[in-house]
file run.pdb (PDB, C-alpha atoms)
ATOM      1  CA  MET A   1     173.417 248.918 128.182
ATOM      2  CA  ALA A   2     173.901 250.281 131.681
ATOM      3  CA  ASP A   3     176.406 248.513 133.868
ATOM      4  CA  ASP A   4     174.482 246.875 136.717
ATOM      5  CA  ALA A   5     177.643 246.200 138.766
ATOM      6  CA  ALA A   6     177.836 248.231 141.932
ATOM      7  CA  ALA A   7     180.317 251.070 141.802
ATOM      8  CA  PRO A   8     183.397 250.427 143.968
ATOM      9  CA  VAL A   9     183.315 252.177 147.305
ATOM     10  CA  ASP A  10     185.966 254.836 147.718
ATOM     11  CA  PRO A  11     188.449 253.628 150.381
ATOM     12  CA  LYS A  12     188.168 256.865 152.358
ATOM     13  CA  THR A  13     184.405 256.520 152.389
ATOM     14  CA  ARG A  14     184.743 252.911 153.485
ATOM     15  CA  PHE A  15     187.099 253.889 156.295
ATOM     16  CA  ALA A  16     184.748 256.678 157.359
ATOM     17  CA  GLY A  17     182.231 253.931 158.078
ATOM     18  CA  PHE A  18     184.631 252.352 160.564
ATOM     19  CA  VAL A  19     185.253 255.703 162.257
ATOM     20  CA  ARG A  20     181.502 256.248 162.462
ATOM     21  CA  ALA A  21     180.964 252.797 163.951
ATOM     22  CA  VAL A  22     183.346 253.348 166.874
ATOM     23  CA  ALA A  23     182.763 257.079 167.409
ATOM     24  CA  ARG A  24     178.991 257.571 167.460
ATOM     25  CA  GLY A  25     178.848 257.795 171.210
ATOM     26  CA  ALA A  26     177.882 255.637 174.161
ATOM     27  CA  THR A  27     174.484 254.712 172.715
ATOM     28  CA  LEU A  28     175.127 254.262 168.991
ATOM     29  CA  GLY A  29     178.823 253.493 168.895
ATOM     30  CA  ARG A  30     179.989 249.880 168.784
ATOM     31  CA  ALA A  31     183.111 247.777 168.660
ATOM     32  CA  LEU A  32     184.333 246.391 165.356
ATOM     33  CA  ALA A  33     184.070 242.723 164.530
ATOM     34  CA  LEU A  34     187.354 240.938 163.871
ATOM     35  CA  ASP A  35     187.013 241.057 160.086
ATOM     36  CA  GLU A  36     186.040 244.741 160.216
ATOM     37  CA  ALA A  37     189.083 245.547 162.343
ATOM     38  CA  GLN A  38     191.281 243.650 159.905
ATOM     39  CA  GLU A  39     189.860 245.577 156.947
ATOM     40  CA  ALA A  40     190.198 248.910 158.744
ATOM     41  CA  MET A  41     193.870 248.298 159.565
ATOM     42  CA  THR A  42     194.499 247.028 156.029
ATOM     43  CA  LEU A  43     193.209 250.337 154.688
ATOM     44  CA  ILE A  44     195.407 252.265 157.126
ATOM     45  CA  LEU A  45     198.533 250.312 156.203
ATOM     46  CA  ALA A  46     197.798 250.790 152.509
ATOM     47  CA  GLY A  47     197.610 254.575 152.972
ATOM     48  CA  ALA A  48     193.972 254.535 151.871
ATOM     49  CA  ALA A  49     192.696 256.544 154.879
ATOM     50  CA  GLU A  50     193.263 260.246 155.440
ATOM     51  CA  PRO A  51     195.547 261.173 158.360
ATOM     52  CA  VAL A  52     192.673 262.928 160.131
ATOM     53  CA  GLN A  53     190.611 259.733 159.855
ATOM     54  CA  VAL A  54     193.435 257.615 161.283
ATOM     55  CA  GLY A  55     193.976 260.016 164.172
ATOM     56  CA  ALA A  56     190.278 260.129 165.021
ATOM     57  CA  PHE A  57     189.985 256.346 164.809
ATOM     58  CA  LEU A  58     192.964 255.656 167.074
ATOM     59  CA  ALA A  59     191.998 258.345 169.575
ATOM     60  CA  VAL A  60     188.483 256.976 169.991
ATOM     61  CA  LEU A  61     189.787 253.444 170.468
ATOM     62  CA  ARG A  62     192.245 254.704 173.063
ATOM     63  CA  TYR A  63     189.435 256.424 174.988
ATOM     64  CA  ARG A  64     187.060 253.474 174.748
ATOM     65  CA  GLN A  65     189.754 250.708 174.951
ATOM     66  CA  GLU A  66     190.134 248.032 172.326
ATOM     67  CA  THR A  67     188.320 244.715 172.339
ATOM     68  CA  PRO A  68     190.053 241.366 171.776
ATOM     69  CA  GLU A  69     188.413 241.113 168.347
ATOM     70  CA  GLU A  70     189.824 244.502 167.369
ATOM     71  CA  LEU A  71     193.334 243.662 168.557
ATOM     72  CA  ALA A  72     193.257 240.332 166.736
ATOM     73  CA  GLY A  73     191.912 241.906 163.547
ATOM     74  CA  PHE A  74     194.570 244.626 163.577
ATOM     75  CA  ALA A  75     197.288 242.039 164.174
ATOM     76  CA  ARG A  76     196.034 239.896 161.300
ATOM     77  CA  ALA A  77     196.206 242.884 158.954
ATOM     78  CA  VAL A  78     199.785 243.655 159.976
ATOM     79  CA  ARG A  79     200.811 240.010 159.655
ATOM     80  CA  ALA A  80     199.338 239.973 156.144
ATOM     81  CA  ALA A  81     201.268 243.143 155.305
ATOM     82  CA  PHE A  82     204.644 241.487 155.936
ATOM     83  CA  GLY A  83     203.637 238.022 154.713
ATOM     84  CA  ALA A  84     203.689 236.190 158.030
ATOM     85  CA  GLU A  85     201.298 233.430 157.004
ATOM     86  CA  THR A  86     203.564 232.224 154.183
ATOM     87  CA  ARG A  87     206.782 232.385 156.213
ATOM     88  CA  THR A  88     208.295 229.219 157.647
ATOM     89  CA  PRO A  89     208.489 229.452 161.466
ATOM     90  CA  PHE A  90     212.046 230.289 162.474
ATOM     91  CA  ALA A  91     211.833 231.020 166.212
ATOM     92  CA  ASP A  92     210.811 229.043 169.285
ATOM     93  CA  LEU A  93     210.009 232.083 171.423
ATOM     94  CA  ASP A  94     208.454 235.393 170.384
ATOM     95  CA  TRP A  95     209.605 238.333 172.524
ATOM     96  CA  PRO A  96     207.808 241.637 171.731
ATOM     97  CA  SER A  97     209.379 244.861 173.059
ATOM     98  CA  TYR A  98     207.080 247.820 172.445
ATOM     99  CA  ALA A  99     207.329 250.051 175.510
ATOM    100  CA  ASP A 100     208.659 252.995 173.521
ATOM    101  CA  ARG A 101     209.543 255.157 176.549
ATOM    102  CA  HIS A 102     211.658 253.119 178.937
ATOM    103  CA  LYS A 103     211.677 254.150 182.588
ATOM    104  CA  GLN A 104     214.156 251.467 183.582
ATOM    105  CA  LEU A 105     216.965 249.627 181.882
ATOM    106  CA  PRO A 106     215.924 246.645 179.736
ATOM    107  CA  TYR A 107     217.650 243.910 181.690
ATOM    108  CA  PHE A 108     215.294 241.472 179.994
ATOM    109  CA  THR A 109     217.617 241.524 176.974
ATOM    110  CA  LEU A 110     220.059 239.473 179.048
ATOM    111  CA  ALA A 111     217.309 236.996 179.939
ATOM    112  CA  ALA A 112     216.598 236.521 176.238
ATOM    113  CA  LEU A 113     220.309 235.964 175.570
ATOM    114  CA  LEU A 114     220.489 233.358 178.344
ATOM    115  CA  LEU A 115     217.684 231.459 176.625
ATOM    116  CA  ALA A 116     219.363 231.731 173.237
ATOM    117  CA  GLU A 117     222.801 230.754 174.551
ATOM    118  CA  SER A 118     221.337 227.602 176.072
ATOM    119  CA  GLY A 119     219.408 226.381 173.040
ATOM    120  CA  THR A 120     216.124 228.291 172.584
ATOM    121  CA  ARG A 121     215.680 230.296 169.371
ATOM    122  CA  VAL A 122     214.469 233.790 170.351
ATOM    123  CA  LEU A 123     213.113 236.527 168.098
ATOM    124  CA  MET A 124     212.850 239.896 169.808
ATOM    125  CA  HIS A 125     211.114 242.655 167.860
ATOM    126  CA  GLY A 126     210.133 246.185 168.710
ATOM    127  CA  VAL A 127     210.094 249.889 168.070
ATOM    128  CA  ALA A 128     213.084 252.235 168.274
ATOM    129  CA  GLY A 129     211.668 254.148 171.239
ATOM    130  CA  VAL A 130     212.666 257.396 172.915
ATOM    131  CA  GLY A 131     215.594 258.005 175.255
ATOM    132  CA  SER A 132     218.853 256.264 176.047
ATOM    133  CA  ALA A 133     217.492 253.123 177.707
ATOM    134  CA  THR A 134     215.811 251.564 174.688
ATOM    135  CA  THR A 135     216.110 247.943 173.681
ATOM    136  CA  PRO A 136     217.956 248.696 170.379
ATOM    137  CA  LYS A 137     220.574 250.864 172.120
ATOM    138  CA  THR A 138     221.093 248.269 174.825
ATOM    139  CA  LEU A 139     221.587 245.524 172.235
ATOM    140  CA  THR A 140     224.057 247.752 170.384
ATOM    141  CA  ALA A 141     226.009 248.126 173.633
ATOM    142  CA  LEU A 142     226.058 244.330 173.808
ATOM    143  CA  GLY A 143     227.495 244.189 170.286
ATOM    144  CA  ILE A 144     224.313 242.848 168.684
ATOM    145  CA  ALA A 145     223.300 244.402 165.375
ATOM    146  CA  PRO A 146     219.609 244.597 164.415
ATOM    147  CA  ALA A 147     218.382 242.559 161.484
ATOM    148  CA  ARG A 148     217.681 244.472 158.273
ATOM    149  CA  ASP A 149     214.573 242.390 157.559
ATOM    150  CA  LEU A 150     212.935 239.147 158.618
ATOM    151  CA  ASP A 151     215.057 237.067 156.259
ATOM    152  CA  GLU A 152     218.178 238.380 157.962
ATOM    153  CA  ALA A 153     216.535 237.842 161.362
ATOM    154  CA  ALA A 154     216.032 234.189 160.433
ATOM    155  CA  ALA A 155     219.680 233.991 159.369
ATOM    156  CA  HIS A 156     220.819 235.521 162.668
ATOM    157  CA  ILE A 157     218.770 232.970 164.583
ATOM    158  CA  ALA A 158     220.186 230.112 162.496
ATOM    159  CA  ARG A 159     223.687 231.226 163.532
ATOM    160  CA  THR A 160     223.251 232.433 167.117
ATOM    161  CA  ARG A 161     219.660 231.535 168.124
ATOM    162  CA  PHE A 162     218.896 235.231 168.765
ATOM    163  CA  ALA A 163     217.780 238.117 166.572
ATOM    164  CA  TYR A 164     216.342 241.575 167.056
ATOM    165  CA  ALA A 165     214.025 242.825 164.307
ATOM    166  CA  PRO A 166     213.088 246.536 164.393
ATOM    167  CA  VAL A 167     209.516 246.996 163.279
ATOM    168  CA  GLU A 168     210.552 249.827 160.956
ATOM    169  CA  ARG A 169     212.615 247.287 159.005
ATOM    170  CA  PHE A 170     210.000 244.586 158.461
ATOM    171  CA  CYS A 171     206.800 246.669 158.539
ATOM    172  CA  PRO A 172     207.574 250.371 158.021
ATOM    173  CA  THR A 173     203.912 251.306 157.732
ATOM    174  CA  LEU A 174     203.335 250.017 161.270
ATOM    175  CA  ALA A 175     206.339 252.025 162.468
ATOM    176  CA  GLN A 176     204.722 255.135 161.015
ATOM    177  CA  LEU A 177     201.706 254.556 163.258
ATOM    178  CA  PHE A 178     203.976 254.472 166.310
ATOM    179  CA  ALA A 179     205.277 257.868 165.189
ATOM    180  CA  LEU A 180     201.802 259.341 165.745
ATOM    181  CA  ARG A 181     202.189 259.163 169.526
ATOM    182  CA  PRO A 182     203.789 262.611 169.985
ATOM    183  CA  LEU A 183     201.111 264.125 167.737
ATOM    184  CA  LEU A 184     198.222 262.510 169.612
ATOM    185  CA  GLY A 185     199.841 262.816 173.045
ATOM    186  CA  VAL A 186     198.889 259.283 174.145
ATOM    187  CA  ARG A 187     199.602 255.671 173.382
ATOM    188  CA  THR A 188     197.214 254.061 170.943
ATOM    189  CA  ALA A 189     195.980 250.618 169.974
ATOM    190  CA  VAL A 190     199.217 250.263 168.020
ATOM    191  CA  ASN A 191     201.173 249.830 171.259
ATOM    192  CA  SER A 192     198.766 247.043 172.224
ATOM    193  CA  PHE A 193     198.294 244.950 169.101
ATOM    194  CA  ALA A 194     201.975 245.074 168.089
ATOM    195  CA  ARG A 195     202.550 242.596 170.918
ATOM    196  CA  GLU A 196     200.407 240.073 169.045
ATOM    197  CA  ILE A 197     202.036 240.077 165.596
ATOM    198  CA  ASN A 198     204.632 237.297 166.194
ATOM    199  CA  PRO A 199     206.670 237.838 162.987
ATOM    200  CA  GLY A 200     208.667 234.609 163.397
ATOM    201  CA  ASN A 201     205.539 232.448 163.859
ATOM    202  CA  ALA A 202     206.952 231.169 167.143
ATOM    203  CA  PRO A 203     204.811 228.637 169.042
ATOM    204  CA  HIS A 204     205.659 230.312 172.366
ATOM    205  CA  GLN A 205     205.135 233.963 173.180
ATOM    206  CA  LEU A 206     205.920 236.153 176.188
ATOM    207  CA  GLN A 207     203.923 239.326 176.735
ATOM    208  CA  GLY A 208     204.387 242.032 179.314
ATOM    209  CA  VAL A 209     201.547 244.512 179.779
ATOM    210  CA  PHE A 210     201.503 247.896 181.454
ATOM    211  CA  HIS A 211     198.492 247.220 183.693
ATOM    212  CA  PRO A 212     196.889 243.956 184.914
ATOM    213  CA  ALA A 213     193.512 245.107 183.594
ATOM    214  CA  TYR A 214     194.834 244.528 180.047
ATOM    215  CA  VAL A 215     195.608 240.860 180.678
ATOM    216  CA  PRO A 216     192.144 239.411 179.847
ATOM    217  CA  THR A 217     191.993 241.390 176.593
ATOM    218  CA  HIS A 218     195.385 240.178 175.394
ATOM    219  CA  LEU A 219     194.601 236.625 176.476
ATOM    220  CA  ALA A 220     191.384 236.628 174.452
ATOM    221  CA  ALA A 221     193.164 238.177 171.451
ATOM    222  CA  ALA A 222     195.829 235.459 171.588
ATOM    223  CA  ARG A 223     193.073 232.832 171.577
ATOM    224  CA  LEU A 224     191.496 234.420 168.491
ATOM    225  CA  LEU A 225     194.894 234.376 166.788
ATOM    226  CA  ALA A 226     195.369 230.700 167.747
ATOM    227  CA  GLN A 227     198.637 231.401 169.560
ATOM    228  CA  PRO A 228     199.611 227.938 170.875
ATOM    229  CA  HIS A 229     201.502 228.942 174.032
ATOM    230  CA  LEU A 230     201.576 232.255 175.893
ATOM    231  CA  ALA A 231     202.756 233.660 179.215
ATOM    232  CA  LEU A 232     201.296 237.050 180.055
ATOM    233  CA  PHE A 233     201.995 239.278 183.047
ATOM    234  CA  LYS A 234     202.369 242.836 184.289
ATOM    235  CA  GLY A 235     205.902 243.794 183.323
ATOM    236  CA  GLY A 236     208.069 246.796 184.040
ATOM    237  CA  ALA A 237     206.850 249.670 181.795
ATOM    238  CA  GLY A 238     204.828 247.085 179.876
ATOM    239  CA  GLU A 239     207.914 245.116 178.857
ATOM    240  CA  VAL A 240     208.665 241.431 179.371
ATOM    241  CA  GLN A 241     210.615 242.226 182.513
ATOM    242  CA  ARG A 242     209.837 240.759 185.899
ATOM    243  CA  ASN A 243     210.035 242.830 189.069
ATOM    244  CA  PRO A 244     211.918 240.399 191.316
ATOM    245  CA  GLU A 245     210.922 242.276 194.451
ATOM    246  CA  LYS A 246     207.257 241.346 194.116
ATOM    247  CA  ALA A 247     205.290 238.137 193.843
ATOM    248  CA  LEU A 248     203.919 237.693 190.344
ATOM    249  CA  SER A 249     200.769 236.253 188.819
ATOM    250  CA  VAL A 250     201.303 234.882 185.316
ATOM    251  CA  THR A 251     198.400 234.088 183.004
ATOM    252  CA  THR A 252     199.139 231.240 180.619
ATOM    253  CA  LEU A 253     197.598 229.845 177.478
ATOM    254  CA  HIS A 254     198.423 226.336 176.271
ATOM    255  CA  ASP A 255     196.570 224.966 173.258
ATOM    256  CA  GLY A 256     193.506 227.080 174.012
ATOM    257  CA  THR A 257     193.390 226.401 177.742
ATOM    258  CA  ALA A 258     194.068 229.319 180.083
ATOM    259  CA  GLY A 259     195.742 228.980 183.460
ATOM    260  CA  GLU A 260     197.371 230.928 186.272
ATOM    261  CA  GLU A 261     200.804 230.547 187.826
ATOM    262  CA  ASP A 262     201.996 232.115 191.071
ATOM    263  CA  TRP A 263     205.647 233.119 191.159
ATOM    264  CA  PRO A 264     207.204 234.276 194.453
ATOM    265  CA  SER A 265     209.483 237.269 194.820
ATOM    266  CA  VAL A 266     213.092 236.291 194.181
ATOM    267  CA  SER A 267     215.276 239.068 195.555
ATOM    268  CA  GLY A 268     214.381 239.134 199.253
ATOM    269  CA  ALA A 269     213.938 242.389 201.072
ATOM    270  CA  GLU A 270     216.678 244.320 199.266
ATOM    271  CA  ARG A 271     215.341 247.091 197.021
ATOM    272  CA  HIS A 272     216.920 248.371 193.820
ATOM    273  CA  PRO A 273     216.430 252.022 192.696
ATOM    274  CA  TRP A 274     214.845 251.017 189.389
ATOM    275  CA  ARG A 275     213.521 254.457 188.517
ATOM    276  CA  ASP A 276     216.493 256.381 189.884
ATOM    277  CA  GLU A 277     219.424 254.496 188.403
ATOM    278  CA  PRO A 278     221.277 256.020 185.409
ATOM    279  CA  LEU A 279     219.586 254.951 182.186
ATOM    280  CA  GLU A 280     222.860 254.028 180.543
ATOM    281  CA  PRO A 281     222.659 250.960 178.272
ATOM    282  CA  THR A 282     226.315 250.059 178.805
ATOM    283  CA  ARG A 283     225.366 249.121 182.391
ATOM    284  CA  VAL A 284     223.413 246.157 181.008
ATOM    285  CA  ALA A 285     226.461 244.986 179.057
ATOM    286  CA  SER A 286     228.633 245.469 182.152
ATOM    287  CA  LEU A 287     226.225 243.318 184.157
ATOM    288  CA  TRP A 288     226.572 240.475 181.656
ATOM    289  CA  ARG A 289     230.357 240.759 181.688
ATOM    290  CA  GLY A 290     230.555 240.750 185.477
ATOM    291  CA  GLU A 291     232.139 244.207 185.549
ATOM    292  CA  TRP A 292     229.224 245.540 187.591
ATOM    293  CA  GLU A 293     227.202 243.648 190.178
ATOM    294  CA  ALA A 294     223.737 244.520 191.484
ATOM    295  CA  PRO A 295     221.449 241.970 193.195
ATOM    296  CA  GLY A 296     218.192 243.502 191.916
ATOM    297  CA  PRO A 297     219.065 243.530 188.200
ATOM    298  CA  VAL A 298     220.599 240.044 188.424
ATOM    299  CA  ALA A 299     217.373 238.820 190.025
ATOM    300  CA  ALA A 300     215.365 240.526 187.268
ATOM    301  CA  VAL A 301     217.387 238.738 184.596
ATOM    302  CA  GLN A 302     217.139 235.363 186.295
ATOM    303  CA  GLY A 303     213.474 235.783 187.170
ATOM    304  CA  THR A 304     212.518 236.786 183.628
ATOM    305  CA  ALA A 305     214.573 233.945 182.159
ATOM    306  CA  ALA A 306     212.810 231.508 184.498
ATOM    307  CA  LEU A 307     209.411 232.575 183.126
ATOM    308  CA  ALA A 308     210.609 231.852 179.607
ATOM    309  CA  LEU A 309     212.156 228.495 180.551
ATOM    310  CA  LYS A 310     208.879 227.368 182.086
ATOM    311  CA  LEU A 311     206.866 228.600 179.096
ATOM    312  CA  VAL A 312     208.909 226.760 176.469
ATOM    313  CA  GLY A 313     208.824 223.538 178.481
ATOM    314  CA  ARG A 314     212.454 223.370 179.529
ATOM    315  CA  ALA A 315     211.416 223.327 183.200
ATOM    316  CA  ALA A 316     208.371 221.574 184.621
ATOM    317  CA  THR A 317     207.890 223.678 187.755
ATOM    318  CA  VAL A 318     208.437 227.215 188.966
ATOM    319  CA  GLU A 319     211.174 226.032 191.308
ATOM    320  CA  ALA A 320     212.958 224.075 188.588
ATOM    321  CA  ALA A 321     212.768 227.052 186.211
ATOM    322  CA  GLU A 322     214.265 229.401 188.778
ATOM    323  CA  GLU A 323     217.070 226.966 189.589
ATOM    324  CA  MET A 324     217.849 226.518 185.892
ATOM    325  CA  ALA A 325     217.903 230.294 185.312
ATOM    326  CA  ARG A 326     220.349 230.787 188.195
ATOM    327  CA  ASP A 327     222.590 228.057 186.803
ATOM    328  CA  LEU A 328     222.534 229.538 183.293
ATOM    329  CA  TRP A 329     223.525 232.926 184.702
ATOM    330  CA  VAL A 330     226.464 231.483 186.637
ATOM    331  CA  ARG A 331     227.689 229.532 183.587
ATOM    332  CA  ARG A 332     227.236 232.305 180.983
ATOM    333  CA  ASP A 333     230.130 233.263 178.723
ATOM    334  CA  LYS A 334     230.960 236.648 180.213
ATOM    335  CA  ALA A 335     233.273 237.581 177.363
ATOM    336  CA  LYS A 336     230.747 237.023 174.597
ATOM    337  CA  PHE A 337     228.819 240.312 174.576
ATOM    338  CA  GLY A 338     229.913 243.928 174.823
ATOM    339  CA  ALA A 339     233.416 245.344 174.950
ATOM    340  CA  ARG A 340     235.809 245.908 177.784
TER     341      ARG A 340
END
call {"tool": "encode", "arguments": {"input": "run.pdb", "output": "structure tokens"}}
result
Amino acid sequence: MADDAAAPVDPKTRFAGFVRAVARGATLGRALALDEAQEAMTLILAGAAEPVQVGAFLAVLRYRQETPEELAGFARAVRAAFGAETRTPFADLDWPSYADRHKQLPYFTLAALLLAESGTRVLMHGVAGVGSATTPKTLTALGIAPARDLDEAAAHIARTRFAYAPVERFCPTLAQLFALRPLLGVRTAVNSFAREINPGNAPHQLQGVFHPAYVPTHLAAARLLAQPHLALFKGGAGEVQRNPEKALSVTTLHDGTAGEEDWPSVSGAERHPWRDEPLEPTRVASLWRGEWEAPGPVAAVQGTAALALKLVGRAATVEAAEEMARDLWVRRDKAKFGAR
């Protein structure tokens, strides 16, 4: 008797359908639904799509720009790949760091440490990046070793309330997608949806984006992912780093309700040569230790820390958050990080 069951669809053929959906042009092309995006990324992470298919898919999405449903679907697939849904939450604050080509020093690492030193459990995660000013190299200069996996990240947080988890350690297949950038010549959707993956299942999340136009998309994606609390803003190079020389608009999400916060500039009229300073990660450690002083970077650390303090509910107002951040900076243990 003939088998009436439908023959399984070859994964490459199935993925070709997703490429066709997004790439058929302005008239026939369409965005993927959330479940389609999740399936497409699942196939990519499983190695079931040909490299040429993956490149075409990511390039088209880059040209057209991703929808919130696509970002959320991709993030769900990645979270499933490293078992996020079955992992007990072990962080209070999720801090993604995925600007893989830093154009300024990541002073925000010190803001995260201020939060951790004063009681908030922070998981920072990111990609290795290119150049000397990357987050991993800066943390190494501070004497902080990356976690080998998420279990070790949880152990680090249990001891010190801070951990850095390189994406290549907890989701190597996602790291391989970041490695496509030099081949494609542009950033891809990977740089965008990695901000959403929240590997520690933290209830609070900070996101910095490269351009304000991306804010509504990331806000909608966070809603689809049921992220309880979020603060989202234009950060330096797309990182969670505040420019203290400019007033800032922060988009928030609290239990499904969006809002806006206005933060004033915090460093007065004095300008810091952000793009011209030496990109030497030991400068960040020297700033923490008080061996080097610079008003602009100090204001960046305090201003970024204030955003986080307000988000996690440790300060009720902008003014109170900024005052608390200044106090934490003054009272920090200067001898704790880095080496003389």
call {"tool": "resolve_selection", "arguments": {"input": "run.pdb", "expression": "the PyMOL selection byres ((chain A and resi 47) around 12)", "output": "mmCIF file with C-alpha atoms, in the frame of the given file"}}
result
data_model
loop_
_atom_site.group_PDB
_atom_site.id
_atom_site.type_symbol
_atom_site.label_atom_id
_atom_site.label_comp_id
_atom_site.auth_asym_id
_atom_site.auth_seq_id
_atom_site.Cartn_x
_atom_site.Cartn_y
_atom_site.Cartn_z
ATOM 1 C CA PRO A 11 188.449 253.628 150.381
ATOM 2 C CA LYS A 12 188.168 256.865 152.358
ATOM 3 C CA PHE A 15 187.099 253.889 156.295
ATOM 4 C CA ALA A 40 190.198 248.910 158.744
ATOM 5 C CA MET A 41 193.870 248.298 159.565
ATOM 6 C CA THR A 42 194.499 247.028 156.029
ATOM 7 C CA LEU A 43 193.209 250.337 154.688
ATOM 8 C CA ILE A 44 195.407 252.265 157.126
ATOM 9 C CA LEU A 45 198.533 250.312 156.203
ATOM 10 C CA ALA A 46 197.798 250.790 152.509
ATOM 11 C CA ALA A 48 193.972 254.535 151.871
ATOM 12 C CA ALA A 49 192.696 256.544 154.879
ATOM 13 C CA GLU A 50 193.263 260.246 155.440
ATOM 14 C CA PRO A 51 195.547 261.173 158.360
ATOM 15 C CA GLN A 53 190.611 259.733 159.855
ATOM 16 C CA VAL A 54 193.435 257.615 161.283
ATOM 17 C CA PRO A 172 207.574 250.371 158.021
ATOM 18 C CA THR A 173 203.912 251.306 157.732
ATOM 19 C CA LEU A 174 203.335 250.017 161.270
ATOM 20 C CA GLN A 176 204.722 255.135 161.015
ATOM 21 C CA LEU A 177 201.706 254.556 163.258
#
call {"tool": "resolve_selection", "arguments": {"input": "run.pdb", "expression": "the PyMOL selection byres ((chain A and resi 89) around 9)", "output": "list of chain:residue names"}}
result
A:Ala84, A:Arg87, A:Thr88, A:Phe90, A:Ala91, A:Asp92, A:Ala154, A:Pro199, A:Gly200, A:Asn201, A:Ala202, A:Pro203
call {"tool": "atom_distance", "arguments": {"input": "run.pdb", "atom1": "CA of Thr135 in chain A", "atom2": "CA of Ala116 in chain A"}}
result
16.5 Å
call {"tool": "residues_around", "arguments": {"input": "run.pdb", "residues": "Ala320 in chain A", "least_positions_apart": "3", "cutoff": "12 Å", "atoms": "all atoms listed in the file", "output": "CSV table (one decimal) with C-alpha atoms, keeping the file's coordinate frame"}}
result
chain,number,residue,atom,x,y,z
A,263,TRP,CA,205.6,233.1,191.2
A,303,GLY,CA,213.5,235.8,187.2
A,305,ALA,CA,214.6,233.9,182.2
A,306,ALA,CA,212.8,231.5,184.5
A,307,LEU,CA,209.4,232.6,183.1
A,309,LEU,CA,212.2,228.5,180.6
A,310,LYS,CA,208.9,227.4,182.1
A,313,GLY,CA,208.8,223.5,178.5
A,314,ARG,CA,212.5,223.4,179.5
A,315,ALA,CA,211.4,223.3,183.2
A,316,ALA,CA,208.4,221.6,184.6
A,317,THR,CA,207.9,223.7,187.8
A,323,GLU,CA,217.1,227.0,189.6
A,324,MET,CA,217.8,226.5,185.9
A,325,ALA,CA,217.9,230.3,185.3
A,326,ARG,CA,220.3,230.8,188.2
A,327,ASP,CA,222.6,228.1,186.8
call {"tool": "closest_residue", "arguments": {"input": "run.pdb", "among": "A:Arg20, A:Arg283, A:Arg121, A:Arg62", "to": "Ala153 in chain A", "atoms": "all atoms listed in the file"}}
result
A:Arg121
call {"tool": "resolve_selection", "arguments": {"input": "run.pdb", "expression": "the PyMOL selection byres ((chain A and resi 165) around 6)", "output": "list of chain:residue names"}}
result
A:His125, A:Pro146, A:Ala147, A:Tyr164, A:Pro166
call {"tool": "closest_residue", "arguments": {"input": "run.pdb", "among": "A:Asp276, A:Ser118, A:Ile197, A:Asp10", "to": "Arg76 in chain A", "atoms": "only C-alpha atoms"}}
result
A:Ile197
call {"tool": "closest_residue", "arguments": {"input": "run.pdb", "among": "A:Leu224, A:Gln241, A:Glu85, A:Thr140", "to": "Ala112 in chain A", "atoms": "all atoms listed in the file"}}
result
A:Gln241
call {"tool": "closest_residue", "arguments": {"input": "run.pdb", "among": "A:Leu61, A:Ala321, A:Leu93, A:Ala247", "to": "Ser192 in chain A", "atoms": "only C-alpha atoms"}}
result
A:Leu61
call {"tool": "residues_around", "arguments": {"input": "run.pdb", "residues": "Glu69 in chain A", "least_positions_apart": "6", "cutoff": "12 Å", "atoms": "all atoms listed in the file", "output": "list in words"}}
result
Ala31, Leu32, Ala33, Leu34, Asp35, Glu36, Ala37, Gln38, Ala75, Arg76, Phe193, Thr217, His218, Leu219, Ala220, Ala221, Ala222, Arg223, Leu224 and Leu225 of chain A
call {"tool": "closest_residue", "arguments": {"input": "run.pdb", "among": "A:His156, A:Arg331, A:Arg195, A:His229", "to": "Arg79 in chain A", "atoms": "all atoms listed in the file"}}
result
A:Arg195
call {"tool": "residues_near_point", "arguments": {"input": "run.pdb", "point": "(213.7, 248.7, 179.9)", "cutoff": "8 Å", "atoms": "all atoms listed in the file", "output": "PyMOL selection string"}}
result
chain A and resi 99+102-108+133-135+236-237+239+241
call {"tool": "atom_distance", "arguments": {"input": "run.pdb", "atom1": "CA of Val215 in chain A", "atom2": "CA of Lys234 in chain A"}}
result
7.9 Å
